[in-house]
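The file work17.cif contains mmCIF, C-alpha atoms:
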```cif
data_upload
loop_
_atom_site.label_atom_id
_atom_site.label_comp_id
_atom_site.auth_asym_id
_atom_site.auth_seq_id
_atom_site.Cartn_x
_atom_site.Cartn_y
_atom_site.Cartn_z
CA MET A 214 -50.56 21.33 6.24
CA ASN A 215 -49.96 24.62 4.49
CA ASN A 216 -49.19 23.16 1.05
CA GLU A 217 -48.05 26.50 -0.34
CA LEU A 218 -45.35 26.90 2.32
CA PHE A 219 -44.41 23.24 1.94
CA HIS A 220 -43.86 23.56 -1.82
CA GLN A 221 -41.92 26.78 -1.30
CA ALA A 222 -39.67 24.95 1.17
CA ASN A 223 -39.11 22.14 -1.34
CA ALA A 224 -38.16 24.74 -3.96
CA MET A 225 -35.62 26.27 -1.55
CA VAL A 226 -34.09 22.81 -1.00
CA ALA A 227 -33.76 22.41 -4.77
CA ALA A 228 -32.05 25.83 -4.87
CA LYS A 229 -29.79 24.75 -1.95
CA ASP A 230 -31.11 27.56 0.22
CA TYR A 231 -31.37 25.32 3.25
CA ASP A 232 -31.71 28.08 5.82
CA THR A 233 -34.87 29.44 4.16
CA ALA A 234 -36.19 25.91 3.61
CA LEU A 235 -35.70 25.16 7.31
CA ARG A 236 -37.73 28.23 8.33
CA LEU A 237 -40.53 27.34 5.92
CA TYR A 238 -40.74 23.72 7.11
CA SER A 239 -40.82 24.98 10.70
CA SER A 240 -43.61 27.39 9.77
CA CYS A 241 -45.61 24.46 8.42
CA LEU A 242 -45.31 22.83 11.85
CA GLY A 243 -46.89 25.88 13.49
CA ASP A 244 -50.35 24.82 12.41
CA GLU A 245 -50.46 21.44 14.20
CA ALA A 246 -54.24 21.36 14.08
CA GLY A 247 -54.17 21.38 10.30
CA LEU A 248 -51.63 18.51 9.96
CA GLU A 249 -52.73 15.14 8.62
CA PRO A 250 -51.40 11.91 10.20
CA GLY A 251 -47.76 11.42 9.24
CA GLU A 252 -47.21 15.00 8.10
CA MET A 253 -45.50 16.00 11.34
CA GLY A 254 -42.98 13.21 10.85
CA LEU A 255 -42.45 14.28 7.24
CA LEU A 256 -41.79 17.90 8.21
CA HIS A 257 -39.32 16.97 10.94
CA HIS A 258 -37.64 14.62 8.47
CA ARG A 259 -37.21 17.47 6.00
CA ARG A 260 -36.00 19.79 8.77
CA GLY A 261 -33.37 17.24 9.76
CA ASN A 262 -32.16 17.00 6.18
CA CYS A 263 -31.73 20.78 5.99
CA LEU A 264 -29.83 20.79 9.28
CA ILE A 265 -27.54 18.03 7.97
CA LYS A 266 -26.74 20.16 4.93
CA MET A 267 -25.95 23.07 7.26
CA LYS A 268 -23.68 20.80 9.36
CA ARG A 269 -25.84 21.31 12.44
CA TYR A 270 -25.71 17.62 13.30
CA ALA A 271 -26.92 17.75 16.93
CA GLU A 272 -30.02 19.68 15.91
CA ALA A 273 -30.58 17.26 13.03
CA ILE A 274 -30.54 14.36 15.49
CA GLU A 275 -33.28 16.07 17.51
CA ALA A 276 -35.36 16.64 14.37
CA TYR A 277 -35.04 13.00 13.32
CA ALA A 278 -36.03 11.86 16.81
CA GLN A 279 -39.21 13.95 16.50
CA ALA A 280 -39.84 12.45 13.06
CA THR A 281 -39.70 8.89 14.39
CA ALA A 282 -41.96 9.88 17.28
CA ASP A 283 -44.74 10.27 14.75
CA ALA A 284 -46.08 6.71 14.59
CA ALA A 285 -48.12 7.55 11.49
CA TYR A 286 -45.04 8.46 9.47
CA ASP A 287 -43.97 5.44 7.42
CA ALA A 288 -40.35 6.43 6.57
CA ALA A 289 -38.72 5.36 9.84
CA GLY A 290 -36.05 3.44 7.94
CA ALA A 291 -34.86 6.50 6.01
CA VAL A 292 -35.03 8.69 9.12
CA ASN A 293 -32.92 6.27 11.16
CA TYR A 294 -30.42 6.04 8.31
CA ASN A 295 -30.05 9.83 8.38
CA ASN A 296 -29.89 9.81 12.16
CA GLY A 297 -27.04 7.33 11.99
CA MET A 298 -25.20 9.57 9.53
CA ALA A 299 -25.58 12.54 11.85
CA HIS A 300 -24.23 10.55 14.81
CA ALA A 301 -21.32 9.37 12.70
CA ALA A 302 -20.52 12.97 11.77
CA LEU A 303 -20.24 13.67 15.51
CA HIS A 304 -18.01 10.58 15.94
CA ASP A 305 -20.67 8.87 18.05
CA PHE A 306 -20.04 5.64 16.18
CA ASP A 307 -21.85 3.22 18.49
CA GLU A 308 -25.04 5.24 18.30
CA ALA A 309 -24.62 5.54 14.53
CA VAL A 310 -24.43 1.76 14.20
CA ARG A 311 -27.53 1.39 16.37
CA HIS A 312 -29.58 3.64 14.08
CA PHE A 313 -28.31 1.88 10.96
CA GLU A 314 -29.41 -1.44 12.46
CA ILE A 315 -32.87 0.02 13.19
CA ALA A 316 -33.10 1.22 9.59
CA ILE A 317 -32.18 -2.23 8.27
CA SER A 318 -34.73 -3.95 10.50
CA ASN A 319 -37.54 -1.74 9.17
CA ARG A 320 -39.33 -3.86 6.57
CA SER A 321 -40.76 -0.85 4.79
CA TYR A 322 -37.26 0.57 4.20
CA SER A 323 -36.66 -0.10 0.51
CA THR A 324 -32.89 0.56 0.37
CA PRO A 325 -31.29 -1.36 3.25
CA TYR A 326 -28.06 -1.69 1.26
CA LYS A 327 -27.45 2.03 1.91
CA ALA A 328 -27.61 1.48 5.67
CA TYR A 329 -25.34 -1.56 5.33
CA LEU A 330 -22.80 0.50 3.38
CA ALA A 331 -22.86 3.36 5.88
CA MET A 332 -22.62 0.97 8.80
CA GLY A 333 -19.66 -0.78 7.18
CA ASN A 334 -17.85 2.55 6.81
CA VAL A 335 -18.43 3.41 10.47
CA LEU A 336 -17.29 -0.04 11.62
CA LEU A 337 -14.10 0.35 9.60
CA LYS A 338 -13.49 3.67 11.32
CA GLN A 339 -13.70 1.73 14.59
CA GLY A 340 -11.23 -0.87 13.32
CA LYS A 341 -13.89 -3.61 13.27
CA SER A 342 -12.95 -5.11 9.92
CA ALA A 343 -14.85 -8.38 10.38
CA GLU A 344 -18.14 -6.72 11.35
CA ALA A 345 -17.69 -4.23 8.52
CA GLY A 346 -17.15 -7.15 6.14
CA VAL A 347 -20.50 -8.64 7.19
CA ALA A 348 -22.20 -5.31 6.46
CA PHE A 349 -20.57 -4.88 3.06
CA ARG A 350 -21.35 -8.48 2.14
CA GLU A 351 -25.01 -7.91 2.92
CA ALA A 352 -24.98 -4.72 0.84
CA ALA A 353 -23.45 -6.60 -2.10
CA LEU A 354 -26.08 -9.34 -1.89
CA ASP A 355 -29.05 -6.97 -1.51
CA ASP A 356 -31.27 -7.39 -4.58
CA ALA A 357 -32.31 -3.74 -4.25
CA ASN A 358 -28.72 -2.57 -4.69
CA PRO A 359 -28.41 -1.23 -8.27
CA ASP A 360 -24.62 -1.01 -8.05
CA PRO A 361 -22.86 -3.59 -5.84
CA THR A 362 -19.49 -2.13 -6.85
CA LYS A 363 -19.19 -0.01 -3.72
CA ALA A 364 -19.91 -2.92 -1.41
CA LEU A 365 -17.53 -5.25 -3.26
CA LEU A 366 -14.68 -2.75 -3.18
CA ASN A 367 -15.14 -2.20 0.53
CA LEU A 368 -15.51 -5.92 1.15
CA GLY A 369 -12.09 -6.39 -0.45
CA VAL A 370 -10.66 -3.89 2.02
CA CYS A 371 -12.06 -5.90 4.91
CA PHE A 372 -10.71 -9.19 3.58
CA MET A 373 -7.22 -7.70 3.24
CA ALA A 374 -7.41 -6.40 6.81
CA LEU A 375 -8.44 -9.93 7.88
CA ASN A 376 -5.42 -11.49 6.09
CA ARG A 377 -7.61 -13.06 3.42
CA PRO A 378 -6.15 -11.76 0.13
CA ALA A 379 -7.61 -14.59 -1.96
CA ASP A 380 -11.10 -13.51 -0.92
CA ALA A 381 -10.14 -9.88 -1.56
CA VAL A 382 -9.13 -10.87 -5.11
CA ALA A 383 -12.54 -12.46 -5.65
CA SER A 384 -14.27 -9.34 -4.34
CA TYR A 385 -12.22 -6.96 -6.51
CA GLU A 386 -12.64 -9.13 -9.60
CA SER A 387 -16.40 -9.19 -9.04
CA ALA A 388 -16.43 -5.40 -8.81
CA LEU A 389 -14.71 -5.14 -12.19
CA GLN A 390 -17.87 -6.48 -13.84
CA PHE A 391 -19.71 -3.22 -13.14
CA ASP A 392 -19.43 0.22 -14.70
CA MET A 393 -17.49 2.86 -12.76
CA GLN A 394 -15.49 6.00 -13.33
CA GLN A 395 -12.01 5.46 -14.76
CA ALA A 396 -10.35 6.93 -11.67
CA THR A 397 -12.18 4.39 -9.51
CA ARG A 398 -11.28 1.56 -11.88
CA ASN A 399 -7.60 2.56 -11.78
CA LYS A 400 -7.56 2.46 -7.99
CA LEU A 401 -9.44 -0.83 -8.04
CA TYR A 402 -6.77 -2.38 -10.28
CA ALA A 403 -4.06 -1.10 -7.92
CA SER A 404 -5.85 -2.71 -4.94
CA LEU A 405 -6.27 -5.90 -6.97
CA GLY A 406 -2.53 -5.86 -7.71
CA GLN A 407 -1.75 -5.70 -4.01
CA ALA A 408 -4.14 -8.56 -3.30
CA TYR A 409 -2.50 -10.66 -6.05
CA THR A 410 0.92 -9.87 -4.58
CA ALA A 411 -0.21 -11.03 -1.14
CA CYS A 412 -1.45 -14.26 -2.78
CA GLY A 413 1.89 -14.78 -4.56
CA GLN A 414 0.32 -14.44 -8.03
CA MET A 415 3.03 -12.14 -9.31
CA GLN A 416 2.29 -12.11 -13.06
CA LYS A 417 -1.34 -11.24 -12.37
CA ALA A 418 -0.17 -8.59 -9.92
CA VAL A 419 2.07 -6.98 -12.56
CA ASP A 420 -0.77 -6.99 -15.09
CA ALA A 421 -3.16 -5.38 -12.60
CA PHE A 422 -0.69 -2.68 -11.55
CA GLU A 423 0.13 -1.84 -15.16
CA GLN A 424 -3.58 -1.65 -15.96
CA SER A 425 -4.04 0.85 -13.13
CA ILE A 426 -1.42 3.24 -14.54
CA ALA A 427 -2.03 2.58 -18.23
CA ASP A 428 -3.80 5.87 -18.91
CA ARG A 429 -1.14 7.84 -16.96
CA THR A 430 -3.71 9.60 -14.81
CA TYR A 431 -3.25 7.47 -11.69
CA PHE A 432 -0.13 7.17 -9.55
CA LEU A 433 0.50 4.20 -7.29
CA THR A 434 0.74 4.79 -3.57
CA SER A 435 4.03 4.05 -1.83
CA SER A 436 2.83 0.65 -0.61
CA ALA A 437 1.44 -0.27 -4.03
CA THR A 438 4.72 0.82 -5.64
CA VAL A 439 6.66 -1.52 -3.33
CA ASP A 440 4.33 -4.41 -4.18
CA TYR A 441 4.61 -3.60 -7.90
CA GLN A 442 8.40 -3.71 -7.70
CA ARG A 443 8.31 -7.00 -5.81
CA ALA A 444 5.98 -8.51 -8.39
CA VAL A 445 8.13 -7.29 -11.31
CA ALA A 446 11.27 -8.69 -9.65
CA ALA A 447 9.59 -12.05 -9.07
CA VAL A 448 8.42 -12.27 -12.68
CA SER A 449 11.86 -11.31 -14.02
CA GLN A 450 13.43 -14.06 -11.90
CA GLY A 451 10.99 -16.64 -13.22
CA THR A 452 8.96 -16.90 -10.02
CA ALA A 453 5.69 -15.39 -11.22
CA GLU A 454 3.74 -17.91 -9.16
CA VAL A 455 5.06 -18.66 -5.66
CA THR A 456 3.82 -21.42 -3.42
CA GLN A 457 3.59 -19.33 -0.27
CA ALA A 458 1.86 -16.00 0.06
CA LEU A 459 4.30 -13.18 0.63
CA PRO A 460 4.07 -10.63 3.42
CA VAL A 461 2.90 -7.19 2.39
CA LEU A 462 5.21 -4.42 3.53
CA GLY A 463 3.76 -1.76 5.74
CA GLY A 464 1.19 -1.71 8.49
CA ALA A 465 -2.55 -1.89 8.50
CA ASP A 466 -3.02 1.53 7.03
CA ILE A 467 -6.44 1.43 5.44
CA SER A 468 -6.68 5.10 4.65
CA GLY A 469 -9.38 5.88 2.12
CA LEU A 470 -10.80 8.53 -0.15
CA ASP A 471 -13.77 9.43 2.00
CA VAL A 472 -13.53 7.78 5.38
CA SER A 473 -13.71 11.07 7.24
CA VAL A 474 -16.87 11.46 9.25
CA SER A 475 -16.11 14.87 10.70
CA ALA A 476 -17.57 16.89 7.85
CA ALA A 477 -20.66 16.86 5.69
CA SER A 478 -18.58 15.90 2.69
CA ALA A 479 -18.16 12.43 4.16
CA PHE A 480 -21.92 11.90 3.93
CA PRO A 481 -22.94 14.06 0.98
CA ASP A 482 -26.66 13.30 0.90
CA ALA A 483 -29.06 12.77 3.76
CA GLU A 484 -31.71 10.17 3.04
CA PRO A 485 -34.68 12.15 1.69
CA ALA A 486 -38.27 11.26 2.02
CA PRO A 487 -39.21 8.22 -0.11
CA GLU A 488 -40.13 10.24 -3.18
CA GLN A 489 -36.74 12.01 -3.29
CA ARG A 490 -34.14 9.30 -2.74
CA SER A 491 -30.51 9.72 -3.84
CA GLN A 492 -28.00 7.02 -4.77
CA ASN A 493 -24.94 9.07 -3.87
CA ASP A 494 -23.21 7.09 -1.14
CA PRO A 495 -19.58 7.21 -0.08
CA TYR A 496 -16.97 4.71 -1.18
CA TYR A 497 -14.30 3.34 1.08
CA TYR A 498 -10.95 2.23 -0.27
CA ALA A 499 -7.66 1.05 1.17
CA ASP A 500 -4.01 1.18 0.11
CA ASN A 501 -1.97 -0.81 2.59
CA TYR A 502 -2.73 -4.12 4.21
CA ASP A 503 -1.48 -6.37 6.97
CA ASP A 504 0.93 -9.19 6.27
CA HIS A 505 0.34 -12.91 5.61
CA ALA A 506 -2.52 -14.59 3.79
CA TYR A 507 -5.63 -16.65 4.39
CA GLU A 508 -6.18 -19.32 1.78
CA SER A 509 -9.69 -19.92 0.48
CA SER A 510 -11.66 -20.37 -2.70
CA GLU A 511 -12.63 -17.44 -4.90
CA GLU A 512 -16.28 -17.80 -3.87
CA ARG A 513 -15.49 -17.90 -0.15
CA PHE A 514 -16.39 -14.26 0.42
CA PHE A 515 -20.02 -15.06 -0.36
CA SER A 516 -20.15 -18.11 1.91
CA ALA A 517 -17.93 -17.30 4.92
CA THR A 518 -19.96 -17.47 8.10
CA ASP A 519 -20.46 -14.61 10.52
CA GLU A 520 -18.85 -16.76 13.22
CA GLU A 521 -15.66 -17.00 11.15
CA LEU A 522 -15.56 -13.25 10.64
CA GLU A 523 -16.16 -12.60 14.32
CA GLN A 524 -13.34 -14.95 15.25
CA TRP A 525 -10.94 -13.18 12.92
CA SER A 526 -12.09 -9.78 14.16
CA LYS A 527 -10.91 -10.72 17.66
CA GLY A 528 -7.44 -11.31 16.31
CA VAL A 529 -7.37 -15.10 16.63
CA ALA A 530 -6.15 -15.64 13.10
CA ARG A 531 -3.78 -12.68 13.33
CA GLN A 532 -2.16 -13.94 16.53
CA ARG A 533 -1.92 -17.46 15.16
CA ARG A 534 0.03 -16.20 12.18
CA LYS A 535 2.00 -13.48 13.92
CA GLY A 536 5.66 -14.28 13.70
CA ARG A 537 5.09 -17.52 11.82
CA GLY A 538 8.08 -18.16 9.60
CA VAL A 539 9.63 -14.74 10.26
CA GLY A 540 12.88 -16.21 11.56
CA LEU A 541 13.05 -18.65 8.66
CA LYS A 542 12.45 -15.87 6.14
CA ILE A 543 15.22 -13.77 7.68
CA LEU A 544 17.60 -16.73 7.58
CA ILE A 545 16.76 -17.44 3.95
CA ALA A 546 17.29 -13.78 3.08
CA LEU A 547 20.71 -13.80 4.77
CA ILE A 548 21.70 -17.00 2.98
CA VAL A 549 20.67 -15.54 -0.37
CA LEU A 550 22.61 -12.34 0.38
CA LEU A 551 25.74 -14.25 1.41
CA ALA A 552 25.50 -16.44 -1.68
CA ALA A 553 25.26 -13.36 -3.88
CA LEU A 554 28.28 -11.77 -2.20
CA LEU A 555 30.25 -15.00 -2.50
CA SER A 556 29.41 -15.31 -6.19
CA ALA A 557 30.49 -11.73 -6.80
CA GLY A 558 33.73 -12.32 -4.89
CA ILE A 559 34.54 -15.42 -6.95
CA VAL A 560 34.02 -13.51 -10.18
CA LEU A 561 36.28 -10.69 -9.06
CA TYR A 562 38.93 -13.18 -7.87
CA ILE A 563 39.00 -14.95 -11.24
CA GLN A 564 39.32 -11.60 -13.00
CA GLY A 565 42.45 -10.77 -10.98
CA PHE A 566 41.05 -8.36 -8.42
CA GLY A 567 42.10 -8.51 -4.79
CA TRP A 568 43.18 -6.56 -1.73
CA PRO A 569 45.68 -5.05 -1.47
CA THR A 570 45.52 -4.35 -5.19
CA GLN A 571 48.39 -4.64 -7.66
CA GLU A 572 48.54 -0.84 -7.87
CA ALA A 573 48.81 -0.46 -4.08
CA VAL A 574 51.62 -3.03 -3.84
CA ALA A 575 53.59 -1.38 -6.68
CA GLN A 576 53.19 2.06 -5.07
CA GLN A 577 54.47 0.62 -1.79
CA LEU A 578 57.68 -0.63 -3.43
CA PHE A 579 58.51 2.39 -5.57
CA GLU A 580 57.68 5.01 -2.98
CA ASN A 581 59.80 3.34 -0.28
CA PRO A 582 62.15 0.67 -1.71
CA ASP A 583 64.12 0.24 1.52
CA GLY A 584 61.07 -0.42 3.65
CA ALA A 585 59.09 -2.55 1.23
CA SER A 586 60.35 -6.00 2.24
CA GLY A 587 56.79 -6.99 3.11
CA ALA A 588 55.70 -6.35 -0.48
CA PHE A 589 57.66 -9.35 -1.85
CA ALA A 590 56.31 -12.88 -2.20
CA SER A 591 57.49 -15.55 0.24
CA SER A 592 59.19 -17.37 -2.63
CA VAL A 593 61.58 -14.40 -3.14
CA SER A 594 64.74 -14.62 -1.03
CA SER A 595 65.92 -11.63 0.95
CA SER A 596 68.95 -11.17 -1.32
CA ASP A 597 66.81 -11.24 -4.43
CA ALA A 598 64.43 -8.78 -2.79
CA GLN A 599 67.33 -6.40 -2.05
CA ALA A 600 68.57 -6.72 -5.64
CA MET A 601 65.13 -5.88 -7.01
CA ALA A 602 64.78 -2.93 -4.65
CA SER A 603 68.18 -1.61 -5.78
CA LEU A 604 66.85 -1.32 -9.35
CA VAL A 605 64.27 1.19 -8.24
CA ALA A 606 65.30 4.72 -9.06
CA SER A 607 64.48 7.48 -6.62
CA GLY A 608 62.09 9.98 -8.12
CA THR A 609 59.51 12.60 -7.45
CA ALA A 610 56.54 10.82 -9.04
CA VAL A 611 55.41 7.21 -9.36
CA LYS A 612 52.71 6.24 -11.84
CA VAL A 613 51.20 2.79 -12.43
CA ASP A 614 50.54 2.83 -16.17
CA GLY A 615 48.50 -0.35 -16.28
CA VAL A 616 48.02 -3.89 -15.01
CA ASP A 617 47.58 -7.16 -16.87
CA ARG A 618 45.33 -9.11 -14.51
CA ALA A 619 44.81 -12.85 -14.14
CA ALA A 620 43.55 -15.08 -11.36
CA ALA A 621 46.99 -16.30 -10.11
CA SER A 622 49.50 -13.82 -11.57
CA SER A 623 49.57 -10.23 -12.79
CA THR A 624 51.98 -7.77 -14.36
CA ALA A 625 52.10 -4.09 -13.49
CA TYR A 626 53.81 -1.42 -15.58
CA VAL A 627 55.26 1.48 -13.59
CA THR A 628 56.86 4.78 -14.63
CA VAL A 629 59.14 6.68 -12.23
CA THR A 630 59.92 10.34 -12.90
CA PRO A 631 63.29 11.19 -11.23
CA LYS A 632 64.30 14.65 -10.09
CA ASP A 633 66.79 14.85 -12.93
CA GLY A 634 66.80 12.85 -16.14
CA ALA A 635 64.34 10.88 -18.24
CA ASP A 636 61.50 8.71 -17.01
CA VAL A 637 62.35 5.13 -16.03
CA GLN A 638 59.88 2.35 -16.74
CA TYR A 639 59.55 -0.95 -14.89
CA LYS A 640 57.80 -4.26 -15.37
CA VAL A 641 56.68 -5.75 -12.04
CA GLY A 642 55.58 -9.37 -11.82
CA MET A 643 53.16 -10.34 -9.06
CA VAL A 644 51.66 -13.54 -7.70
CA ARG A 645 48.49 -14.15 -5.74
CA ASP A 646 48.87 -14.10 -1.95
CA GLY A 647 45.56 -15.03 -0.36
CA ILE A 648 43.13 -12.47 -1.72
CA GLY A 649 45.91 -9.92 -2.30
CA TRP A 650 49.15 -9.67 -4.27
CA LYS A 651 52.94 -9.87 -3.66
CA ILE A 652 55.86 -8.94 -5.91
CA SER A 653 57.74 -11.81 -7.55
CA SER A 654 59.99 -9.90 -10.00
CA VAL A 655 61.14 -6.38 -10.91
CA GLU A 656 62.93 -5.47 -14.13
CA LEU A 657 63.55 -2.47 -16.29
CA TYR A 658 61.08 -2.17 -19.12
CA PHE A 659 61.79 -0.59 -22.46
CA ALA A 660 58.56 -0.03 -24.33
CA SER A 661 60.35 0.49 -27.65
CA GLN A 662 61.77 -3.05 -27.42
CA ASN A 663 58.43 -4.63 -26.55
#
```

Take the structure in the file and write it out as structure tokens.
Amino acid sequence: MNNELFHQANAMVAAKDYDTALRLYSSCLGDEAGLEPGEMGLLHHRRGNCLIKMKRYAEAIEAYAQATADAAYDAAGAVNYNNGMAHAALHDFDEAVRHFEIAISNRSYSTPYKAYLAMGNVLLKQGKSAEAGVAFREAALDDANPDPTKALLNLGVCFMALNRPADAVASYESALQFDMQQATRNKLYASLGQAYTACGQMQKAVDAFEQSIADRTYFLTSSATVDYQRAVAAVSQGTAEVTQALPVLGGADISGLDVSVSAASAFPDAEPAPEQRSQNDPYYYADNYDDHAYESSEERFFSATDEELEQWSKGVARQRRKGRGVGLKILIALIVLLAALLSAGIVLYIQGFGWPTQEAVAQQLFENPDGASGAFASSVSSSDAQAMASLVASGTAVKVDGVDRAAASSTAYVTVTPKDGADVQYKVGMVRDGIGWKISSVELYFASQN
């Protein structure tokens, strides 16, 4: 190999001049006779990485295929990882998964957790939460993984999508043991709050949500805000711990920070040759989750079998729970609402409120004395009603000055302003008639004498 050109190409990569680096690597390939075993694979590997950076994914796939064709090149795991990333960028998800699996199966590949993480992201894009959970679990358990945080966060997403919030809690709590940027920690606490809410652990949910917004740099999503409000309401009502997991509002929206696979930013670093590896892998987060819960121990996410996950991925658990208790919950909600309305009505009744109100009944009498027979109580005779009506002076304005309210009887004070002369004041007694009021007495009222 022309070592001078090769080192120049490496320098161009360091300077992010990928176009020049690509030409130099290609020039090195021109002298096939001078290449040592494995060097052809290395050069195609480097060419593929440059093409990835230039977003020329189809050409990168061809370069990686030529790299793996060199049987003497011992970095097949890294090449297949990159090949999978390129396929994912082209939305060829099945082929991406195939290359990730090849990378994982390569015993000389020293960082299989990276392929597991990438494969999990692609499977989530396909809606295969259970299979993605298997991949993230393997990444978290990989001894070579220096930072299991990413895998644990993503595993929590999968458990929430599988209606297993208790396992999601365990995954998120495990992730909290590792160092991470504050922005990531804030979002993690918000996700943990939603998982606690789904488990019915409302006080813990409130604490987690408040931790996520404590530094005032993070704002809860709409779904997290709803869960936060539910948790706060439950705690204020003395039901911080409920016996049945509550449904989470919203659909299965598991939108994330970097789930896009249509641009190079989704996969920032192609897997370099072994001597130049990078640890910069994408995270995957979620905000909203499906409803209902799956009960299990906090350690279950490390011991759940692949068969269980596959069963849940096919929707067996989801269908079994779909609609369970929905009718009962609606009925309970209606009963609670009716009880609240009844309680409010009783309070208002005792305080003297009703319909029609005392003011409305008084207005009816004084604005039309001759046609107000229906405003009098049944205990008032027709002659007495006529006598009371005759006391009412005709005027241009009627004003109810005030009402002394009680549960069974009330007194209204009315001022009539006639066309000519001074104001005339009245004291109107009323009695309860159902939920409304009727007039029982009418008399002139002289404020100076009372």

Task: Given the PyMOL selection byres ((chain A and resi 645) around 6), the residues it picks as a ChimeraX atom specification - done: /A:621-622,644,646,650

- [ ] Please provide as a list in words all residues within 8 Å of Ala388 (chain A), with the sequence filter that same-chain residues fewer than 4 positions apart are discarded (counting all atoms listed in the file).
- [x] Pro361, Thr362, Lys363, Leu365, Leu366 and Ser384 of chain A

Open item on the list: I'd like the neighbourhood of Glu217 (chain A) as a PyMOL selection string, where a residue qualifies if any of its atoms comes within 12 Å (using only C-alpha atoms), though same-chain residues fewer than 4 positions away should be ignored.
Closed with: chain A and resi 221-224+237-238+240-241

Task: Length of the CA of Glu249 (chain A) to CA of Phe219 (chain A) vector [Å] - done: 13.4 Å

Open item on the list: For the provided coordinates, the residues matched by the PyMOL selection byres ((chain A and resi 573-586) around 7) should be stated as a VMD selection string.
Closed with: chain A and resid 569 to 572 587 to 589 602 605 611 651

Open item on the list: What does the structure give for the distance between CA of Ala411 (chain A) and CA of Gly451 (chain A), in Å to one decimal?
Closed with: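 CA of Gly451 (chain A) lies at a distance of 17.4 Å from CA of Ala411 (chain A).
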
Open item on the list: Expand the PyMOL selection byres ((chain A and resi 342) around 8) into the explicit residue set it covers here, and present it as an MDAnalysis selection string.
Closed with: chainID A and resid 336:337 340:341 343:346 371:372 374:375 526
